[in-house]
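The file start.cif comes next; it holds mmCIF, C-alpha atoms; chains and numbers go by the auth columns.
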data_structure
loop_
_atom_site.group_PDB
_atom_site.id
_atom_site.type_symbol
_atom_site.label_atom_id
_atom_site.label_comp_id
_atom_site.label_asym_id
_atom_site.label_seq_id
_atom_site.Cartn_x
_atom_site.Cartn_y
_atom_site.Cartn_z
_atom_site.B_iso_or_equiv
_atom_site.auth_seq_id
_atom_site.auth_asym_id
ATOM 1 C CA MET A 1 0.000 0.000 0.000 0.00 7 A
ATOM 2 C CA LYS A 2 1.399 3.398 -1.020 0.00 8 A
ATOM 3 C CA GLN A 3 2.430 5.620 1.867 0.00 9 A
ATOM 4 C CA LEU A 4 0.576 8.914 2.246 0.00 10 A
ATOM 5 C CA ALA A 5 2.168 12.043 3.694 0.00 11 A
ATOM 6 C CA ILE A 6 0.184 15.215 4.411 0.00 12 A
ATOM 7 C CA LEU A 7 2.166 18.451 4.555 0.00 13 A
ATOM 8 C CA PHE A 8 0.738 21.547 6.239 0.00 14 A
ATOM 9 C CA ASP A 9 1.789 25.156 6.070 0.00 15 A
ATOM 10 C CA LEU A 10 1.465 27.052 9.360 0.00 16 A
ATOM 11 C CA ASP A 11 1.049 30.833 9.010 0.00 17 A
ATOM 12 C CA GLY A 12 -2.292 31.643 7.397 0.00 18 A
ATOM 13 C CA THR A 13 -3.146 27.955 7.141 0.00 19 A
ATOM 14 C CA LEU A 14 -3.241 26.146 10.490 0.00 20 A
ATOM 15 C CA LEU A 15 -2.709 29.513 12.168 0.00 21 A
ATOM 16 C CA PRO A 16 -4.995 32.224 10.714 0.00 22 A
ATOM 17 C CA MET A 17 -3.409 35.632 10.910 0.00 23 A
ATOM 18 C CA ASP A 18 -3.453 39.244 9.812 0.00 24 A
ATOM 19 C CA TYR A 19 0.057 39.426 8.371 0.00 25 A
ATOM 20 C CA GLU A 20 0.551 43.148 8.878 0.00 26 A
ATOM 21 C CA GLU A 21 -0.652 43.026 12.479 0.00 27 A
ATOM 22 C CA PHE A 22 1.492 39.980 13.191 0.00 28 A
ATOM 23 C CA THR A 23 4.628 41.500 11.679 0.00 29 A
ATOM 24 C CA GLY A 24 4.080 44.734 13.595 0.00 30 A
ATOM 25 C CA ALA A 25 3.535 42.980 16.922 0.00 31 A
ATOM 26 C CA TYR A 26 6.516 40.695 16.305 0.00 32 A
ATOM 27 C CA PHE A 27 8.924 43.497 15.477 0.00 33 A
ATOM 28 C CA ARG A 28 7.748 45.712 18.339 0.00 34 A
ATOM 29 C CA ALA A 29 8.411 42.917 20.811 0.00 35 A
ATOM 30 C CA LEU A 30 11.824 42.077 19.326 0.00 36 A
ATOM 31 C CA CYS A 31 12.930 45.713 19.216 0.00 37 A
ATOM 32 C CA LYS A 32 11.957 46.144 22.855 0.00 38 A
ATOM 33 C CA LYS A 33 13.921 43.019 23.778 0.00 39 A
ATOM 34 C CA LEU A 34 17.095 44.055 21.949 0.00 40 A
ATOM 35 C CA ALA A 35 17.069 47.815 22.565 0.00 41 A
ATOM 36 C CA PRO A 36 18.999 47.459 25.877 0.00 42 A
ATOM 37 C CA LEU A 37 21.758 45.667 23.938 0.00 43 A
ATOM 38 C CA GLY A 38 22.191 48.633 21.602 0.00 44 A
ATOM 39 C CA TYR A 39 20.216 47.569 18.529 0.00 45 A
ATOM 40 C CA PRO A 40 18.372 50.617 17.072 0.00 46 A
ATOM 41 C CA ALA A 41 14.862 49.677 15.951 0.00 47 A
ATOM 42 C CA LYS A 42 15.055 50.696 12.286 0.00 48 A
ATOM 43 C CA GLU A 43 18.480 49.187 11.717 0.00 49 A
ATOM 44 C CA LEU A 44 17.376 46.020 13.507 0.00 50 A
ATOM 45 C CA ILE A 45 14.254 45.578 11.383 0.00 51 A
ATOM 46 C CA ASP A 46 16.178 46.290 8.166 0.00 52 A
ATOM 47 C CA ALA A 47 18.799 43.717 9.178 0.00 53 A
ATOM 48 C CA ILE A 48 16.167 41.095 9.918 0.00 54 A
ATOM 49 C CA TRP A 49 14.571 41.569 6.496 0.00 55 A
ATOM 50 C CA ALA A 50 18.001 41.394 4.887 0.00 56 A
ATOM 51 C CA GLY A 51 18.673 38.152 6.751 0.00 57 A
ATOM 52 C CA VAL A 52 15.356 36.686 5.623 0.00 58 A
ATOM 53 C CA LYS A 53 16.159 37.583 2.007 0.00 59 A
ATOM 54 C CA GLU A 54 19.448 35.724 2.381 0.00 60 A
ATOM 55 C CA ILE A 55 17.588 32.643 3.627 0.00 61 A
ATOM 56 C CA VAL A 56 15.122 32.788 0.732 0.00 62 A
ATOM 57 C CA LYS A 57 17.849 32.892 -1.921 0.00 63 A
ATOM 58 C CA SER A 58 19.831 30.047 -0.343 0.00 64 A
ATOM 59 C CA ASP A 59 21.713 27.780 -2.738 0.00 65 A
ATOM 60 C CA GLY A 60 21.735 24.855 -0.313 0.00 66 A
ATOM 61 C CA SER A 61 25.353 25.286 0.732 0.00 67 A
ATOM 62 C CA MET A 62 24.415 26.144 4.317 0.00 68 A
ATOM 63 C CA THR A 63 21.406 26.200 6.608 0.00 69 A
ATOM 64 C CA GLY A 64 19.044 29.138 6.839 0.00 70 A
ATOM 65 C CA GLU A 65 20.354 29.807 10.330 0.00 71 A
ATOM 66 C CA GLU A 66 23.921 30.122 9.073 0.00 72 A
ATOM 67 C CA ARG A 67 22.887 32.434 6.238 0.00 73 A
ATOM 68 C CA PHE A 68 20.768 34.641 8.495 0.00 74 A
ATOM 69 C CA TRP A 69 23.411 35.148 11.156 0.00 75 A
ATOM 70 C CA ARG A 70 26.148 35.763 8.604 0.00 76 A
ATOM 71 C CA GLU A 71 24.048 38.596 7.154 0.00 77 A
ATOM 72 C CA PHE A 72 23.133 39.878 10.618 0.00 78 A
ATOM 73 C CA ALA A 73 26.795 39.933 11.635 0.00 79 A
ATOM 74 C CA GLY A 74 27.592 41.827 8.448 0.00 80 A
ATOM 75 C CA VAL A 75 25.384 44.649 9.725 0.00 81 A
ATOM 76 C CA PHE A 76 26.131 44.676 13.465 0.00 82 A
ATOM 77 C CA GLY A 77 29.462 42.895 13.715 0.00 83 A
ATOM 78 C CA GLU A 78 30.588 39.717 15.425 0.00 84 A
ATOM 79 C CA ARG A 79 28.944 40.749 18.703 0.00 85 A
ATOM 80 C CA VAL A 80 25.674 39.357 17.368 0.00 86 A
ATOM 81 C CA TYR A 81 26.901 35.833 18.111 0.00 87 A
ATOM 82 C CA THR A 82 27.340 36.775 21.773 0.00 88 A
ATOM 83 C CA ASP A 83 23.795 38.167 21.784 0.00 89 A
ATOM 84 C CA LYS A 84 22.289 35.162 19.950 0.00 90 A
ATOM 85 C CA PRO A 85 21.119 33.443 23.199 0.00 91 A
ATOM 86 C CA VAL A 86 19.057 36.546 23.980 0.00 92 A
ATOM 87 C CA VAL A 87 17.403 36.328 20.571 0.00 93 A
ATOM 88 C CA ASP A 88 16.792 32.601 21.024 0.00 94 A
ATOM 89 C CA SER A 89 15.177 33.294 24.412 0.00 95 A
ATOM 90 C CA PHE A 90 12.900 35.888 22.812 0.00 96 A
ATOM 91 C CA TYR A 91 11.217 33.286 20.594 0.00 97 A
ATOM 92 C CA SER A 92 10.271 31.183 23.618 0.00 98 A
ATOM 93 C CA ASN A 93 9.072 34.128 25.700 0.00 99 A
ATOM 94 C CA GLU A 94 8.306 37.687 24.517 0.00 100 A
ATOM 95 C CA PHE A 95 7.420 36.447 21.021 0.00 101 A
ATOM 96 C CA HIS A 96 4.123 35.205 22.484 0.00 102 A
ATOM 97 C CA THR A 97 2.837 38.796 22.611 0.00 103 A
ATOM 98 C CA ALA A 98 2.368 38.593 18.816 0.00 104 A
ATOM 99 C CA LYS A 99 -0.346 35.992 19.372 0.00 105 A
ATOM 100 C CA VAL A 100 -2.910 38.820 19.407 0.00 106 A
ATOM 101 C CA ALA A 101 -2.667 38.994 15.586 0.00 107 A
ATOM 102 C CA THR A 102 -3.366 35.282 15.120 0.00 108 A
ATOM 103 C CA PRO A 103 -6.971 34.325 15.989 0.00 109 A
ATOM 104 C CA PRO A 104 -6.908 30.519 16.321 0.00 110 A
ATOM 105 C CA THR A 105 -9.467 28.152 14.830 0.00 111 A
ATOM 106 C CA PRO A 106 -10.557 24.782 16.270 0.00 112 A
ATOM 107 C CA LEU A 107 -10.330 23.435 12.728 0.00 113 A
ATOM 108 C CA ALA A 108 -6.535 23.331 13.086 0.00 114 A
ATOM 109 C CA ARG A 109 -6.797 20.583 15.680 0.00 115 A
ATOM 110 C CA THR A 110 -9.572 18.897 13.702 0.00 116 A
ATOM 111 C CA ILE A 111 -7.632 18.700 10.450 0.00 117 A
ATOM 112 C CA VAL A 112 -4.340 17.603 12.052 0.00 118 A
ATOM 113 C CA ASP A 113 -6.068 14.809 13.984 0.00 119 A
ATOM 114 C CA LEU A 114 -7.856 13.787 10.808 0.00 120 A
ATOM 115 C CA ALA A 115 -4.569 13.805 8.900 0.00 121 A
ATOM 116 C CA HIS A 116 -3.127 11.297 11.360 0.00 122 A
ATOM 117 C CA GLN A 117 -6.097 9.017 10.688 0.00 123 A
ATOM 118 C CA LYS A 118 -5.646 9.241 6.924 0.00 124 A
ATOM 119 C CA ALA A 119 -1.866 9.436 6.464 0.00 125 A
ATOM 120 C CA ASP A 120 1.254 7.580 7.521 0.00 126 A
ATOM 121 C CA THR A 121 3.207 10.812 7.926 0.00 127 A
ATOM 122 C CA VAL A 122 2.123 14.331 8.915 0.00 128 A
ATOM 123 C CA LEU A 123 4.624 17.128 8.380 0.00 129 A
ATOM 124 C CA LEU A 124 4.665 20.810 9.285 0.00 130 A
ATOM 125 C CA ALA A 125 6.023 22.356 6.097 0.00 131 A
ATOM 126 C CA THR A 126 6.261 25.900 7.419 0.00 132 A
ATOM 127 C CA ASN A 127 8.643 28.230 5.632 0.00 133 A
ATOM 128 C CA PRO A 128 11.935 27.794 7.553 0.00 134 A
ATOM 129 C CA ILE A 129 12.740 31.447 8.184 0.00 135 A
ATOM 130 C CA PHE A 130 12.224 31.158 11.965 0.00 136 A
ATOM 131 C CA PRO A 131 14.207 29.252 14.599 0.00 137 A
ATOM 132 C CA TYR A 132 12.668 26.029 15.859 0.00 138 A
ATOM 133 C CA ASN A 133 11.464 27.493 19.155 0.00 139 A
ATOM 134 C CA GLY A 134 9.759 30.296 17.227 0.00 140 A
ATOM 135 C CA VAL A 135 7.877 27.685 15.199 0.00 141 A
ATOM 136 C CA ILE A 136 6.883 25.794 18.345 0.00 142 A
ATOM 137 C CA SER A 137 5.594 29.032 19.874 0.00 143 A
ATOM 138 C CA ARG A 138 3.426 29.807 16.835 0.00 144 A
ATOM 139 C CA MET A 139 2.143 26.246 16.768 0.00 145 A
ATOM 140 C CA SER A 140 1.011 26.636 20.368 0.00 146 A
ATOM 141 C CA TRP A 141 -1.113 29.636 19.378 0.00 147 A
ATOM 142 C CA ALA A 142 -2.954 27.292 17.004 0.00 148 A
ATOM 143 C CA GLY A 143 -3.470 24.763 19.795 0.00 149 A
ATOM 144 C CA LEU A 144 -0.865 22.390 18.342 0.00 150 A
ATOM 145 C CA LYS A 145 2.171 20.664 19.855 0.00 151 A
ATOM 146 C CA GLU A 146 5.535 19.421 18.702 0.00 152 A
ATOM 147 C CA GLU A 147 4.377 15.805 18.898 0.00 153 A
ATOM 148 C CA ASP A 148 1.564 16.482 16.419 0.00 154 A
ATOM 149 C CA PHE A 149 4.060 16.270 13.545 0.00 155 A
ATOM 150 C CA ASP A 150 6.625 13.763 12.371 0.00 156 A
ATOM 151 C CA LEU A 151 8.871 16.573 11.176 0.00 157 A
ATOM 152 C CA ILE A 152 8.844 20.357 11.555 0.00 158 A
ATOM 153 C CA THR A 153 10.960 22.521 9.277 0.00 159 A
ATOM 154 C CA SER A 154 12.929 25.428 10.744 0.00 160 A
ATOM 155 C CA TYR A 155 15.964 27.481 9.795 0.00 161 A
ATOM 156 C CA GLU A 156 18.372 25.344 11.847 0.00 162 A
ATOM 157 C CA THR A 157 17.943 22.259 9.670 0.00 163 A
ATOM 158 C CA SER A 158 16.665 23.490 6.293 0.00 164 A
ATOM 159 C CA CYS A 159 19.004 24.552 3.515 0.00 165 A
ATOM 160 C CA PHE A 160 16.245 25.737 1.193 0.00 166 A
ATOM 161 C CA CYS A 161 13.253 27.985 1.645 0.00 167 A
ATOM 162 C CA LYS A 162 9.907 28.538 -0.062 0.00 168 A
ATOM 163 C CA PRO A 163 9.170 29.371 -2.850 0.00 169 A
ATOM 164 C CA ASN A 164 12.193 27.366 -4.024 0.00 170 A
ATOM 165 C CA PRO A 165 10.871 23.943 -5.122 0.00 171 A
ATOM 166 C CA ARG A 166 14.062 22.430 -3.704 0.00 172 A
ATOM 167 C CA TYR A 167 12.591 23.100 -0.245 0.00 173 A
ATOM 168 C CA TYR A 168 10.044 20.370 -0.942 0.00 174 A
ATOM 169 C CA GLN A 169 12.642 18.078 -2.476 0.00 175 A
ATOM 170 C CA GLU A 170 14.815 18.472 0.637 0.00 176 A
ATOM 171 C CA LEU A 171 11.841 17.753 2.886 0.00 177 A
ATOM 172 C CA MET A 172 10.862 14.630 0.961 0.00 178 A
ATOM 173 C CA ALA A 173 14.448 13.375 0.935 0.00 179 A
ATOM 174 C CA ARG A 174 14.652 13.709 4.723 0.00 180 A
ATOM 175 C CA GLN A 175 11.529 11.560 5.081 0.00 181 A
ATOM 176 C CA GLY A 176 12.200 9.121 2.238 0.00 182 A
ATOM 177 C CA LEU A 177 9.118 10.250 0.337 0.00 183 A
ATOM 178 C CA PHE A 178 8.232 10.607 -3.338 0.00 184 A
ATOM 179 C CA PRO A 179 5.993 13.344 -4.776 0.00 185 A
ATOM 180 C CA ASP A 180 3.116 10.998 -5.573 0.00 186 A
ATOM 181 C CA GLN A 181 2.970 10.061 -1.883 0.00 187 A
ATOM 182 C CA CYS A 182 2.492 13.670 -0.750 0.00 188 A
ATOM 183 C CA VAL A 183 -0.191 16.317 -0.547 0.00 189 A
ATOM 184 C CA MET A 184 0.495 19.924 0.456 0.00 190 A
ATOM 185 C CA ILE A 185 -2.115 22.111 2.148 0.00 191 A
ATOM 186 C CA GLY A 186 -1.431 25.846 2.351 0.00 192 A
ATOM 187 C CA ASN A 187 -2.728 29.361 1.798 0.00 193 A
ATOM 188 C CA ASP A 188 0.042 30.899 -0.313 0.00 194 A
ATOM 189 C CA VAL A 189 -0.392 30.466 -4.061 0.00 195 A
ATOM 190 C CA ASN A 190 3.315 30.777 -4.846 0.00 196 A
ATOM 191 C CA GLU A 191 5.026 29.251 -1.814 0.00 197 A
ATOM 192 C CA ASP A 192 2.632 26.428 -0.942 0.00 198 A
ATOM 193 C CA ILE A 193 0.939 25.579 -4.216 0.00 199 A
ATOM 194 C CA ALA A 194 3.012 26.514 -7.276 0.00 200 A
ATOM 195 C CA ALA A 195 6.328 25.520 -5.690 0.00 201 A
ATOM 196 C CA ALA A 196 4.995 22.155 -4.486 0.00 202 A
ATOM 197 C CA GLN A 197 3.383 21.450 -7.846 0.00 203 A
ATOM 198 C CA GLN A 198 6.699 22.047 -9.604 0.00 204 A
ATOM 199 C CA VAL A 199 8.053 18.901 -7.976 0.00 205 A
ATOM 200 C CA GLY A 200 4.877 16.872 -8.561 0.00 206 A
ATOM 201 C CA ILE A 201 3.073 17.241 -5.214 0.00 207 A
ATOM 202 C CA ARG A 202 -0.735 17.353 -5.164 0.00 208 A
ATOM 203 C CA THR A 203 -2.076 20.500 -3.477 0.00 209 A
ATOM 204 C CA PHE A 204 -5.033 22.100 -1.731 0.00 210 A
ATOM 205 C CA LEU A 205 -5.260 25.880 -1.412 0.00 211 A
ATOM 206 C CA ILE A 206 -7.002 27.196 1.728 0.00 212 A
ATOM 207 C CA THR A 207 -8.553 30.552 0.869 0.00 213 A
ATOM 208 C CA ASP A 208 -9.427 31.935 4.326 0.00 214 A
ATOM 209 C CA CYS A 209 -6.128 33.885 4.580 0.00 215 A
ATOM 210 C CA LEU A 210 -5.284 33.766 0.893 0.00 216 A
ATOM 211 C CA LEU A 211 -1.959 35.075 -0.398 0.00 217 A
ATOM 212 C CA GLY A 212 -1.489 35.438 -4.156 0.00 218 A
ATOM 213 C CA ASP A 213 -3.732 35.053 -7.183 0.00 219 A
ATOM 214 C CA PRO A 214 -5.483 31.665 -7.215 0.00 220 A
ATOM 215 C CA GLY A 215 -6.161 32.129 -10.923 0.00 221 A
ATOM 216 C CA THR A 216 -2.488 31.501 -11.670 0.00 222 A
ATOM 217 C CA VAL A 217 -2.577 27.836 -10.583 0.00 223 A
ATOM 218 C CA GLU A 218 -4.775 24.808 -11.109 0.00 224 A
ATOM 219 C CA THR A 219 -5.425 23.251 -7.710 0.00 225 A
ATOM 220 C CA GLU A 220 -8.160 21.977 -5.496 0.00 226 A
ATOM 221 C CA GLN A 221 -9.147 24.833 -3.212 0.00 227 A
ATOM 222 C CA GLY A 222 -11.688 26.160 -0.747 0.00 228 A
ATOM 223 C CA THR A 223 -12.228 27.293 2.810 0.00 229 A
ATOM 224 C CA PHE A 224 -10.639 25.667 5.845 0.00 230 A
ATOM 225 C CA GLN A 225 -13.846 23.667 6.321 0.00 231 A
ATOM 226 C CA ASP A 226 -13.622 22.539 2.683 0.00 232 A
ATOM 227 C CA ALA A 227 -10.073 21.386 3.370 0.00 233 A
ATOM 228 C CA VAL A 228 -11.292 19.260 6.285 0.00 234 A
ATOM 229 C CA GLU A 229 -13.800 17.550 3.985 0.00 235 A
ATOM 230 C CA TRP A 230 -11.125 17.091 1.323 0.00 236 A
ATOM 231 C CA VAL A 231 -8.775 15.362 3.768 0.00 237 A
ATOM 232 C CA LYS A 232 -11.648 13.098 4.858 0.00 238 A
ATOM 233 C CA ASN A 233 -11.870 11.848 1.279 0.00 239 A
ATOM 234 C CA LEU A 234 -8.168 11.223 0.702 0.00 240 A
#

Output the file's structure in the form of structure tokens.
Amino acid sequence: MKQLAILFDLDGTLLPMDYEEFTGAYFRALCKKLAPLGYPAKELIDAIWAGVKEIVKSDGSMTGEERFWREFAGVFGERVYTDKPVVDSFYSNEFHTAKVATPPTPLARTIVDLAHQKADTVLLATNPIFPYNGVISRMSWAGLKEEDFDLITSYETSCFCKPNPRYYQELMARQGLFPDQCVMIGNDVNEDIAAAQQVGIRTFLITDCLLGDPGTVETEQGTFQDAVEWVKNL
């Protein structure tokens, strides 16, 4: 019997969110945390975005974490590595204040539990631009736990990032999966749907927190509730 793996995006999929509100709350909390260490708010935010861009254009030669901190050190100097534990602590603590921009839905728990009934493997295919503890924190806002997934992508262990199709190839290789064994459920037309389809993965686009133009791809799509029904019929 062919193995089935269900891959879920997190932000805007399992965790509904207003992206602008979330980004604002996130950056305000991080700036407040790092201000006493001498990181000016504007320069800090610009450096974070620059680091994220470095992760996104990764060529696979190093992890997202390595690329981010190399860029960050290029802006603020080698002292950033001394301050890294403070940043790591932030994602387990003060980061939780950004939860106000992410109204949870009980359907997240419903669809993940259902996925475990239908599939051999359930993966959290969230874009690996955050550290692992930052992913775990956001999962908790959705009412989900680390043990709900067989693998969770983060910047410590991923060498590619969405919308690079090699992100999905790397994920499948880590789990010993082939494209025809996988389905990807997400809300971002480019990152979750088009990129996954490029490597042969079947997709479902959740439209509640839609990002991108759904007219540019051919995919099964609908509301979160529609996605629950779709998984029931896999």

Cut-off 10 Å: closest segment 126-176 of chain A/segment 190-195 of chain A atom pairs per residue, using only C-alpha atoms, as JSON lines:
{"residue": "A:Leu129", "atom": "CA", "partner": "A:Met190", "partner_atom": "CA", "distance": 9.4}
{"residue": "A:Leu130", "atom": "CA", "partner": "A:Met190", "partner_atom": "CA", "distance": 9.8}
{"residue": "A:Ala131", "atom": "CA", "partner": "A:Met190", "partner_atom": "CA", "distance": 8.3}
{"residue": "A:Thr132", "atom": "CA", "partner": "A:Gly192", "partner_atom": "CA", "distance": 9.2}
{"residue": "A:Pro169", "atom": "CA", "partner": "A:Asp194", "partner_atom": "CA", "distance": 9.6}
{"residue": "A:Tyr174", "atom": "CA", "partner": "A:Met190", "partner_atom": "CA", "distance": 9.7}

What does the file look like for those residues with C-alpha atoms, as a CSV table (one decimal), keeping the file's coordinate frame?
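Saved result, out-v8.csv, follows:
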chain,number,residue,atom,x,y,z
A,129,LEU,CA,4.6,17.1,8.4
A,130,LEU,CA,4.7,20.8,9.3
A,131,ALA,CA,6.0,22.4,6.1
A,132,THR,CA,6.3,25.9,7.4
A,169,PRO,CA,9.2,29.4,-2.8
A,174,TYR,CA,10.0,20.4,-0.9

### Task
Quick one: apply the PyMOL selection byres ((chain A and resi 172) around 12) to the file and drop the selected residues here as an MDAnalysis selection string.
chainID A and resid 62:66 164:171 173:179 197 201:206

Limited to C-alpha atoms, could you put the picked residues into a file as a CSV table (one decimal), keeping the file's coordinate frame?
chain,number,residue,atom,x,y,z
A,62,VAL,CA,15.1,32.8,0.7
A,63,LYS,CA,17.8,32.9,-1.9
A,64,SER,CA,19.8,30.0,-0.3
A,65,ASP,CA,21.7,27.8,-2.7
A,66,GLY,CA,21.7,24.9,-0.3
A,164,SER,CA,16.7,23.5,6.3
A,165,CYS,CA,19.0,24.6,3.5
A,166,PHE,CA,16.2,25.7,1.2
A,167,CYS,CA,13.3,28.0,1.6
A,168,LYS,CA,9.9,28.5,-0.1
A,169,PRO,CA,9.2,29.4,-2.8
A,170,ASN,CA,12.2,27.4,-4.0
A,171,PRO,CA,10.9,23.9,-5.1
A,173,TYR,CA,12.6,23.1,-0.2
A,174,TYR,CA,10.0,20.4,-0.9
A,175,GLN,CA,12.6,18.1,-2.5
A,176,GLU,CA,14.8,18.5,0.6
A,177,LEU,CA,11.8,17.8,2.9
A,178,MET,CA,10.9,14.6,1.0
A,179,ALA,CA,14.4,13.4,0.9
A,197,GLU,CA,5.0,29.3,-1.8
A,201,ALA,CA,6.3,25.5,-5.7
A,202,ALA,CA,5.0,22.2,-4.5
A,203,GLN,CA,3.4,21.4,-7.8
A,204,GLN,CA,6.7,22.0,-9.6
A,205,VAL,CA,8.1,18.9,-8.0
A,206,GLY,CA,4.9,16.9,-8.6

Atom pair atom CA of Ala121 of chain A + atom CA of Gly70 of chain A, distance 28.2 Å

In terms of all atoms listed in the file, the residue from A:Thr209, A:Asn196, A:Thr127, A:Gln231 at minimal distance from Ala11 of chain A is A:Thr127

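A straight line drawn from atom CA of Leu183 of chain A to atom CA of Gln9 of chain A is 8.3 Å long.
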
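As for atom CA of Gly44 of chain A and atom CA of Asn139 of chain A, they are spaced 23.8 Å apart.
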
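Closest approach to Ser160 of chain A among A:Cys215, A:Val128, A:Cys37, A:Ile135 is made by A:Ile135 (distances from all atoms listed in the file).
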
Quick one: everything within 10 Å of segment 17-27 of chain A, counting all atoms listed in the file, minus sequence neighbours fewer than 6 positions away in the same chain. Send it as a ChimeraX atom specification. /A:104-115,117-118,130,132-133,141,144-150,191-194,211-217,230

May I have the protein, DNA and RNA residues with any atom at most 7 Å from the point (8.5, 39.0, 18.1), counting all atoms listed in the file, written as a CSV table (one decimal) with C-alpha atoms, keeping the file's coordinate frame?
chain,number,residue,atom,x,y,z
A,31,ALA,CA,3.5,43.0,16.9
A,32,TYR,CA,6.5,40.7,16.3
A,33,PHE,CA,8.9,43.5,15.5
A,34,ARG,CA,7.7,45.7,18.3
A,35,ALA,CA,8.4,42.9,20.8
A,36,LEU,CA,11.8,42.1,19.3
A,97,TYR,CA,11.2,33.3,20.6
A,100,GLU,CA,8.3,37.7,24.5
A,101,PHE,CA,7.4,36.4,21.0
A,104,ALA,CA,2.4,38.6,18.8

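Minimum atom-to-atom distances from A:Pro91, A:Gly221, A:Gly140, A:Gly228 to Leu16 of chain A were compared using only C-alpha atoms, and the lowest value belongs to A:Gly140.
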
Starting from the PyMOL selection byres ((chain A and resi 74) around 7), expand the selection into actual residues of this file and give them as a CSV table (one decimal) with C-alpha atoms, in the frame of the given file.
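Okay, this is what ended up in out_26.csv:
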chain,number,residue,atom,x,y,z
A,57,GLY,CA,18.7,38.2,6.8
A,58,VAL,CA,15.4,36.7,5.6
A,60,GLU,CA,19.4,35.7,2.4
A,61,ILE,CA,17.6,32.6,3.6
A,70,GLY,CA,19.0,29.1,6.8
A,71,GLU,CA,20.4,29.8,10.3
A,72,GLU,CA,23.9,30.1,9.1
A,73,ARG,CA,22.9,32.4,6.2
A,75,TRP,CA,23.4,35.1,11.2
A,76,ARG,CA,26.1,35.8,8.6
A,77,GLU,CA,24.0,38.6,7.2
A,78,PHE,CA,23.1,39.9,10.6

The PyMOL selection byres ((chain A and resi 239) around 12) - which residues does that actually catch in the file I just gave you? List them as a PDB file with C-alpha atoms, in the frame of the given file.
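Result went into expr_13.pdb, see below:
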ATOM      1  CA  LEU A 120      -7.856  13.787  10.808  1.00  0.00           C
ATOM      2  CA  ALA A 121      -4.569  13.805   8.900  1.00  0.00           C
ATOM      3  CA  GLN A 123      -6.097   9.017  10.688  1.00  0.00           C
ATOM      4  CA  LYS A 124      -5.646   9.241   6.924  1.00  0.00           C
ATOM      5  CA  ALA A 125      -1.866   9.436   6.464  1.00  0.00           C
ATOM      6  CA  ASP A 232     -13.622  22.539   2.683  1.00  0.00           C
ATOM      7  CA  ALA A 233     -10.073  21.386   3.370  1.00  0.00           C
ATOM      8  CA  VAL A 234     -11.292  19.260   6.285  1.00  0.00           C
ATOM      9  CA  GLU A 235     -13.800  17.550   3.985  1.00  0.00           C
ATOM     10  CA  TRP A 236     -11.125  17.091   1.323  1.00  0.00           C
ATOM     11  CA  VAL A 237      -8.775  15.362   3.768  1.00  0.00           C
ATOM     12  CA  LYS A 238     -11.648  13.098   4.858  1.00  0.00           C
ATOM     13  CA  LEU A 240      -8.168  11.223   0.702  1.00  0.00           C
TER      14      LEU A 240
END

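Of the listed residues A:Val81, A:Phe28, A:Ile54, A:Glu49, the one whose atoms come nearest to His102 of chain A is A:Phe28, with distances taken using all atoms listed in the file.
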
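With all atoms listed in the file as the atoms that count, the minimum distance from Val92 of chain A to the choices A:Gly30, A:Pro185, A:Pro42, A:Pro134 is reached by A:Pro42.
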
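Compared by their closest atoms to Asp186 of chain A, and using all atoms listed in the file, the residues A:Ala56, A:Ala47, A:Val86, A:Leu10 rank with A:Leu10 nearest.
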